[in-house]
$ cat query_25.pdb   # PDB, C-alpha atoms, pLDDT in the B column
ATOM      1  CA  MET A   9      14.247  -5.502  -1.435  1.00 61.00           C
ATOM      2  CA  SER A  10      13.739  -1.858  -2.287  1.00 69.00           C
ATOM      3  CA  PRO A  11      15.620  -0.393  -5.264  1.00 71.00           C
ATOM      4  CA  LEU A  12      17.436   1.985  -2.907  1.00 72.00           C
ATOM      5  CA  ARG A  13      18.850  -0.909  -0.911  1.00 71.00           C
ATOM      6  CA  VAL A  14      19.865  -2.660  -4.116  1.00 67.00           C
ATOM      7  CA  LEU A  15      21.722   0.471  -5.208  1.00 69.00           C
ATOM      8  CA  GLN A  16      23.327   0.784  -1.766  1.00 71.00           C
ATOM      9  CA  ALA A  17      24.513  -2.804  -2.025  1.00 67.00           C
ATOM     10  CA  LEU A  18      25.901  -2.035  -5.460  1.00 66.00           C
ATOM     11  CA  GLY A  19      27.883   0.845  -3.954  1.00 67.00           C
ATOM     12  CA  ASP A  20      30.116  -1.856  -2.608  1.00 64.00           C
ATOM     13  CA  SER A  21      30.198  -3.639  -5.982  1.00 56.00           C
ATOM     14  CA  GLU A  22      33.963  -4.144  -6.070  1.00 62.00           C
ATOM     15  CA  GLN A  23      33.630  -6.736  -3.334  1.00 62.00           C
ATOM     16  CA  SER A  24      30.322  -8.263  -4.462  1.00 61.00           C
ATOM     17  CA  GLY A  25      31.002  -8.405  -8.192  1.00 67.00           C
ATOM     18  CA  VAL A  26      27.466  -7.221  -8.955  1.00 66.00           C
ATOM     19  CA  THR A  27      27.093  -4.451 -11.489  1.00 69.00           C
ATOM     20  CA  LEU A  28      24.238  -2.071 -12.184  1.00 71.00           C
ATOM     21  CA  GLY A  29      23.648  -3.795 -15.518  1.00 76.00           C
ATOM     22  CA  MET A  30      22.901  -7.058 -13.714  1.00 73.00           C
ATOM     23  CA  VAL A  31      20.057  -5.537 -11.703  1.00 74.00           C
ATOM     24  CA  ARG A  32      18.874  -2.970 -14.224  1.00 81.00           C
ATOM     25  CA  GLY A  33      15.763  -4.989 -15.136  1.00 84.00           C
ATOM     26  CA  TYR A  34      14.810  -5.414 -11.491  1.00 81.00           C
ATOM     27  CA  ILE A  35      15.227  -1.715 -10.744  1.00 82.00           C
ATOM     28  CA  MET A  36      13.223  -0.742 -13.839  1.00 88.00           C
ATOM     29  CA  ARG A  37      10.382  -3.113 -12.854  1.00 88.00           C
ATOM     30  CA  GLN A  38      10.365  -1.638  -9.347  1.00 86.00           C
ATOM     31  CA  ILE A  39      10.308   1.919 -10.686  1.00 89.00           C
ATOM     32  CA  ASN A  40       7.493   1.057 -13.125  1.00 93.00           C
ATOM     33  CA  ALA A  41       5.487  -0.651 -10.362  1.00 91.00           C
ATOM     34  CA  THR A  42       5.990   2.377  -8.105  1.00 91.00           C
ATOM     35  CA  SER A  43       4.942   4.732 -10.918  1.00 94.00           C
ATOM     36  CA  LYS A  44       1.799   2.638 -11.464  1.00 96.00           C
ATOM     37  CA  ARG A  45       0.966   2.792  -7.739  1.00 94.00           C
ATOM     38  CA  ILE A  46       1.484   6.570  -7.791  1.00 95.00           C
ATOM     39  CA  GLU A  47      -0.902   6.941 -10.737  1.00 96.00           C
ATOM     40  CA  ASP A  48      -3.462   4.695  -9.039  1.00 95.00           C
ATOM     41  CA  ASN A  49      -3.139   6.746  -5.852  1.00 95.00           C
ATOM     42  CA  LYS A  50      -3.567   9.998  -7.789  1.00 96.00           C
ATOM     43  CA  ALA A  51      -6.757   8.634  -9.345  1.00 95.00           C
ATOM     44  CA  ALA A  52      -8.012   7.527  -5.920  1.00 94.00           C
ATOM     45  CA  ILE A  53      -7.205  10.956  -4.463  1.00 95.00           C
ATOM     46  CA  ALA A  54      -9.122  12.666  -7.255  1.00 95.00           C
ATOM     47  CA  SER A  55     -12.072  10.351  -6.672  1.00 94.00           C
ATOM     48  CA  TYR A  56     -12.000  10.895  -2.899  1.00 94.00           C
ATOM     49  CA  THR A  57     -11.691  14.661  -3.373  1.00 94.00           C
ATOM     50  CA  SER A  58     -14.751  14.838  -5.623  1.00 95.00           C
ATOM     51  CA  GLU A  59     -16.670  12.510  -3.298  1.00 94.00           C
ATOM     52  CA  PHE A  60     -15.696  14.692  -0.337  1.00 95.00           C
ATOM     53  CA  LYS A  61     -16.890  17.784  -2.177  1.00 95.00           C
ATOM     54  CA  VAL A  62     -20.264  16.176  -2.931  1.00 95.00           C
ATOM     55  CA  HIS A  63     -20.699  15.103   0.698  1.00 92.00           C
ATOM     56  CA  SER A  64     -19.642  18.520   1.982  1.00 93.00           C
ATOM     57  CA  GLU A  65     -22.230  20.177  -0.239  1.00 94.00           C
ATOM     58  CA  LYS A  66     -24.897  17.750   1.002  1.00 89.00           C
ATOM     59  CA  MET A  67     -23.964  18.470   4.618  1.00 90.00           C
ATOM     60  CA  ASP A  68     -24.060  22.200   3.970  1.00 92.00           C
ATOM     61  CA  ALA A  69     -27.496  21.842   2.402  1.00 88.00           C
ATOM     62  CA  LEU A  70     -28.749  19.824   5.376  1.00 85.00           C
ATOM     63  CA  LYS A  71     -27.460  22.488   7.775  1.00 89.00           C
ATOM     64  CA  ASN A  72     -28.573  25.603   5.944  1.00 92.00           C
ATOM     65  CA  LYS A  73     -31.387  24.855   3.504  1.00 89.00           C
ATOM     66  CA  PRO A  74     -34.934  23.655   4.015  1.00 88.00           C
ATOM     67  CA  ILE A  75     -35.756  20.122   2.971  1.00 84.00           C
ATOM     68  CA  VAL A  76     -38.900  19.537   0.954  1.00 85.00           C
ATOM     69  CA  PHE A  77     -40.588  16.179   1.442  1.00 85.00           C
ATOM     70  CA  GLN A  78     -42.693  15.340  -1.582  1.00 87.00           C
ATOM     71  CA  SER A  79     -43.280  11.681  -0.961  1.00 88.00           C
ATOM     72  CA  THR A  80     -46.917  10.712  -1.318  1.00 91.00           C
ATOM     73  CA  LYS A  81     -46.574   6.996  -0.596  1.00 94.00           C
ATOM     74  CA  CYS A  82     -45.369   5.057   2.425  1.00 93.00           C
ATOM     75  CA  THR A  83     -42.005   3.449   1.682  1.00 92.00           C
ATOM     76  CA  SER A  84     -43.090   0.326   3.571  1.00 91.00           C
ATOM     77  CA  CYS A  85     -46.619  -0.437   2.363  1.00 94.00           C
ATOM     78  CA  MET A  86     -46.721   1.844  -0.701  1.00 95.00           C
ATOM     79  CA  ALA A  87     -50.168   3.131   0.341  1.00 94.00           C
ATOM     80  CA  PRO A  88     -50.850   6.880   0.144  1.00 94.00           C
ATOM     81  CA  LEU A  89     -49.447   8.759   3.122  1.00 92.00           C
ATOM     82  CA  ASP A  90     -51.851  10.082   5.706  1.00 90.00           C
ATOM     83  CA  LEU A  91     -51.316  11.517   9.163  1.00 89.00           C
ATOM     84  CA  PRO A  92     -49.468  10.720  11.298  1.00 89.00           C
ATOM     85  CA  SER A  93     -46.501  10.148   9.031  1.00 89.00           C
ATOM     86  CA  VAL A  94     -42.755  10.147   9.661  1.00 91.00           C
ATOM     87  CA  HIS A  95     -40.227  11.627   7.243  1.00 90.00           C
ATOM     88  CA  PHE A  96     -36.493  10.887   7.392  1.00 90.00           C
ATOM     89  CA  LEU A  97     -33.688  13.032   5.988  1.00 85.00           C
ATOM     90  CA  CYS A  98     -32.911  10.243   3.528  1.00 88.00           C
ATOM     91  CA  LYS A  99     -36.287  11.256   1.995  1.00 88.00           C
ATOM     92  CA  HIS A 100     -38.066   8.006   2.880  1.00 92.00           C
ATOM     93  CA  SER A 101     -41.504   8.478   4.422  1.00 93.00           C
ATOM     94  CA  TYR A 102     -43.651   6.063   6.447  1.00 92.00           C
ATOM     95  CA  HIS A 103     -46.995   5.850   8.165  1.00 91.00           C
ATOM     96  CA  GLN A 104     -46.336   5.930  11.871  1.00 90.00           C
ATOM     97  CA  ARG A 105     -48.231   2.639  12.162  1.00 90.00           C
ATOM     98  CA  CYS A 106     -45.899   1.026   9.572  1.00 89.00           C
ATOM     99  CA  LEU A 107     -42.830   2.002  11.587  1.00 87.00           C
ATOM    100  CA  GLY A 108     -44.032   0.592  14.870  1.00 81.00           C
ATOM    101  CA  ASP A 109     -41.287   0.632  17.507  1.00 79.00           C
ATOM    102  CA  ILE A 110     -38.370   0.608  15.049  1.00 74.00           C
ATOM    103  CA  GLY A 111     -36.771   3.704  16.539  1.00 72.00           C
ATOM    104  CA  ASP A 112     -35.374   6.878  15.100  1.00 81.00           C
ATOM    105  CA  SER A 113     -33.735   5.600  11.921  1.00 86.00           C
ATOM    106  CA  CYS A 114     -35.096   4.727   8.514  1.00 91.00           C
ATOM    107  CA  PRO A 115     -35.679   0.956   8.223  1.00 90.00           C
ATOM    108  CA  ARG A 116     -34.663   0.957   4.550  1.00 92.00           C
ATOM    109  CA  CYS A 117     -31.361   2.779   5.265  1.00 91.00           C
ATOM    110  CA  GLN A 118     -30.679   1.150   8.634  1.00 89.00           C
ATOM    111  CA  ALA A 119     -28.310  -1.561   7.343  1.00 89.00           C
ATOM    112  CA  GLU A 120     -26.096   0.961   5.526  1.00 90.00           C
ATOM    113  CA  ASN A 121     -26.176   3.352   8.479  1.00 87.00           C
ATOM    114  CA  GLN A 122     -25.243   0.505  10.851  1.00 89.00           C
ATOM    115  CA  LYS A 123     -22.302  -0.427   8.614  1.00 91.00           C
ATOM    116  CA  LEU A 124     -21.042   3.171   8.696  1.00 86.00           C
ATOM    117  CA  GLU A 125     -21.523   3.358  12.467  1.00 88.00           C
ATOM    118  CA  ASP A 126     -19.584   0.097  12.909  1.00 90.00           C
ATOM    119  CA  GLN A 127     -16.730   1.499  10.782  1.00 86.00           C
ATOM    120  CA  ARG A 128     -16.674   4.669  12.894  1.00 84.00           C
ATOM    121  CA  ARG A 129     -16.559   2.633  16.116  1.00 87.00           C
ATOM    122  CA  ALA A 130     -13.752   0.468  14.702  1.00 83.00           C
ATOM    123  CA  GLN A 131     -11.784   3.634  13.901  1.00 78.00           C
ATOM    124  CA  GLU A 132     -12.304   4.921  17.440  1.00 80.00           C
ATOM    125  CA  ILE A 133     -11.050   1.634  18.873  1.00 80.00           C
ATOM    126  CA  SER A 134      -8.126   1.572  16.452  1.00 74.00           C
ATOM    127  CA  ALA A 135      -7.195   5.130  17.435  1.00 73.00           C
ATOM    128  CA  LYS A 136      -6.577   3.915  20.972  1.00 76.00           C
ATOM    129  CA  GLN A 137      -4.185   1.134  19.932  1.00 77.00           C
ATOM    130  CA  HIS A 138      -0.995   3.132  20.273  1.00 78.00           C
ATOM    131  CA  ASP A 139       1.002   0.161  21.577  1.00 81.00           C
ATOM    132  CA  ALA A 140       0.158  -1.962  18.531  1.00 81.00           C
ATOM    133  CA  PHE A 141       1.158   0.878  16.202  1.00 80.00           C
ATOM    134  CA  PHE A 142       4.505   1.500  17.902  1.00 84.00           C
ATOM    135  CA  ASP A 143       5.193  -2.248  18.088  1.00 85.00           C
ATOM    136  CA  LYS A 144       4.647  -2.603  14.323  1.00 84.00           C
ATOM    137  CA  LEU A 145       6.706   0.506  13.698  1.00 83.00           C
ATOM    138  CA  HIS A 146       9.575  -0.756  15.874  1.00 85.00           C
ATOM    139  CA  HIS A 147       9.686  -4.201  14.234  1.00 86.00           C
ATOM    140  CA  SER A 148       9.355  -2.974  10.648  1.00 83.00           C
ATOM    141  CA  ASP A 149      12.192  -2.473   8.192  1.00 82.00           C
ATOM    142  CA  GLU A 150      10.116   0.137   6.378  1.00 77.00           C
ATOM    143  CA  GLY A 151       8.734   2.454   9.047  1.00 76.00           C
ATOM    144  CA  PHE A 152       7.154   4.785   6.526  1.00 72.00           C
ATOM    145  CA  ASP A 153       5.098   1.899   5.099  1.00 77.00           C
ATOM    146  CA  VAL A 154       3.704   1.209   8.582  1.00 77.00           C
ATOM    147  CA  ILE A 155       2.840   4.870   9.111  1.00 76.00           C
ATOM    148  CA  ALA A 156       1.219   5.143   5.689  1.00 73.00           C
ATOM    149  CA  SER A 157      -0.864   2.000   6.202  1.00 75.00           C
ATOM    150  CA  TRP A 158      -2.089   3.246   9.594  1.00 70.00           C
ATOM    151  CA  PHE A 159      -3.022   6.610   8.130  1.00 70.00           C
ATOM    152  CA  ALA A 160      -4.865   4.802   5.341  1.00 68.00           C
ATOM    153  CA  LYS A 161      -6.951   3.075   8.027  1.00 66.00           C
ATOM    154  CA  SER A 162      -7.523   6.510   9.577  1.00 58.00           C
ATOM    155  CA  PRO A 163      -7.021   5.489  13.219  1.00 49.00           C
ATOM    156  CA  PHE A 164      -5.297   8.679  14.295  1.00 49.00           C
ATOM    157  CA  ALA A 165      -8.121  11.084  13.680  1.00 51.00           C
ATOM    158  CA  PHE A 166     -11.795  10.458  13.627  1.00 47.00           C
ATOM    159  CA  THR A 167     -14.632  12.874  13.702  1.00 46.00           C
ATOM    160  CA  LYS A 168     -17.024  12.761  16.568  1.00 49.00           C
ATOM    161  CA  LEU A 169     -20.545  13.843  15.825  1.00 47.00           C
ATOM    162  CA  ILE A 170     -21.759  16.464  18.256  1.00 46.00           C
ATOM    163  CA  ASP A 171     -25.456  17.058  18.722  1.00 46.00           C
ATOM    164  CA  GLN A 172     -26.247  20.746  18.847  1.00 44.00           C
TER     165      GLN A 172
END
$ encode --input "query_25.pdb" --output "structure tokens"
Amino acid sequence: MSPLRVLQALGDSEQSGVTLGMVRGYIMRQINATSKRIEDNKAAIASYTSEFKVHSEKMDALKNKPIVFQSTKCTSCMAPLDLPSVHFLCKHSYHQRCLGDIGDSCPRCQAENQKLEDQRRAQEISAKQHDAFFDKLHHSDEGFDVIASWFAKSPFAFTKLIDQ
């Protein structure tokens, strides 16, 4: 039970016989736990903000600055690069013969890229689940908790990559 509800119940303490002193420890533990969560969230926000800044700078560099490829060895076979060679923006380079018919993504980075793509697709699907969201919101005692948890999953807004 939230501390606010405990205090509301105590407002009617003449009938219940419960005093603030009886629940003081509980309320203090709840306040301390909430303060700890706030501090943890502030640290996470600071981390996400700095991470966002780094990624924004990388994106800006990819959009506006030339990329120098200095790799001299094939990432796959480690032999010296010769023509034809393929360079990816992740800075991995391959002989065209080493790539074969792999496609247009770096084989070394493909697993991580697939994981990110799967997360993006899951967010797109989640963004369309309005009925599930409103059902959870309707059946919850703490509506704000439901809203906050859905925003944490980021289903309401996702970025769609647009090829230009």
$ residues_around --input "query_25.pdb" --residues "Leu91 in chain A" --least-positions-apart "5" --cutoff "12 Å" --atoms "all atoms listed in the file" --output "short mmCIF file (atom, residue, chain, number, x, y, z; two decimals) with C-alpha atoms, in the coordinates of the input"
data_model
loop_
_atom_site.label_atom_id
_atom_site.label_comp_id
_atom_site.auth_asym_id
_atom_site.auth_seq_id
_atom_site.Cartn_x
_atom_site.Cartn_y
_atom_site.Cartn_z
CA THR A 80 -46.92 10.71 -1.32
CA LYS A 81 -46.57 7.00 -0.60
CA CYS A 82 -45.37 5.06 2.42
CA SER A 101 -41.50 8.48 4.42
CA TYR A 102 -43.65 6.06 6.45
CA HIS A 103 -47.00 5.85 8.16
CA GLN A 104 -46.34 5.93 11.87
CA ARG A 105 -48.23 2.64 12.16
CA CYS A 106 -45.90 1.03 9.57
#
$ closest_residue --input "query_25.pdb" --among "A:Pro11, A:His138, A:Ser84, A:Ser148" --to "Thr42 in chain A" --atoms "only C-alpha atoms"
A:Pro11
$ closest_residue --input "query_25.pdb" --among "A:Gln38, A:Gly108, A:His100, A:Asp143" --to "Met86 in chain A" --atoms "only C-alpha atoms"
A:His100
$ closest_residue --input "query_25.pdb" --among "A:Arg128, A:Lys61, A:Lys44, A:Lys99" --to "Arg116 in chain A" --atoms "only C-alpha atoms"
A:Lys99
$ atom_distance --input "query_25.pdb" --atom1 "CA of Ile110 in chain A" --atom2 "CA of Ser93 in chain A"
13.9 Å
$ residues_near_point --input "query_25.pdb" --point "(17.7, -1.7, -14.5)" --cutoff "12 Å" --atoms "all atoms listed in the file" --output "PyMOL selection string"
chain A and resi 11+14-15+27-40
$ atom_distance --input "query_25.pdb" --atom1 "CA of Gln16 in chain A" --atom2 "CA of Ile155 in chain A"
23.6 Å
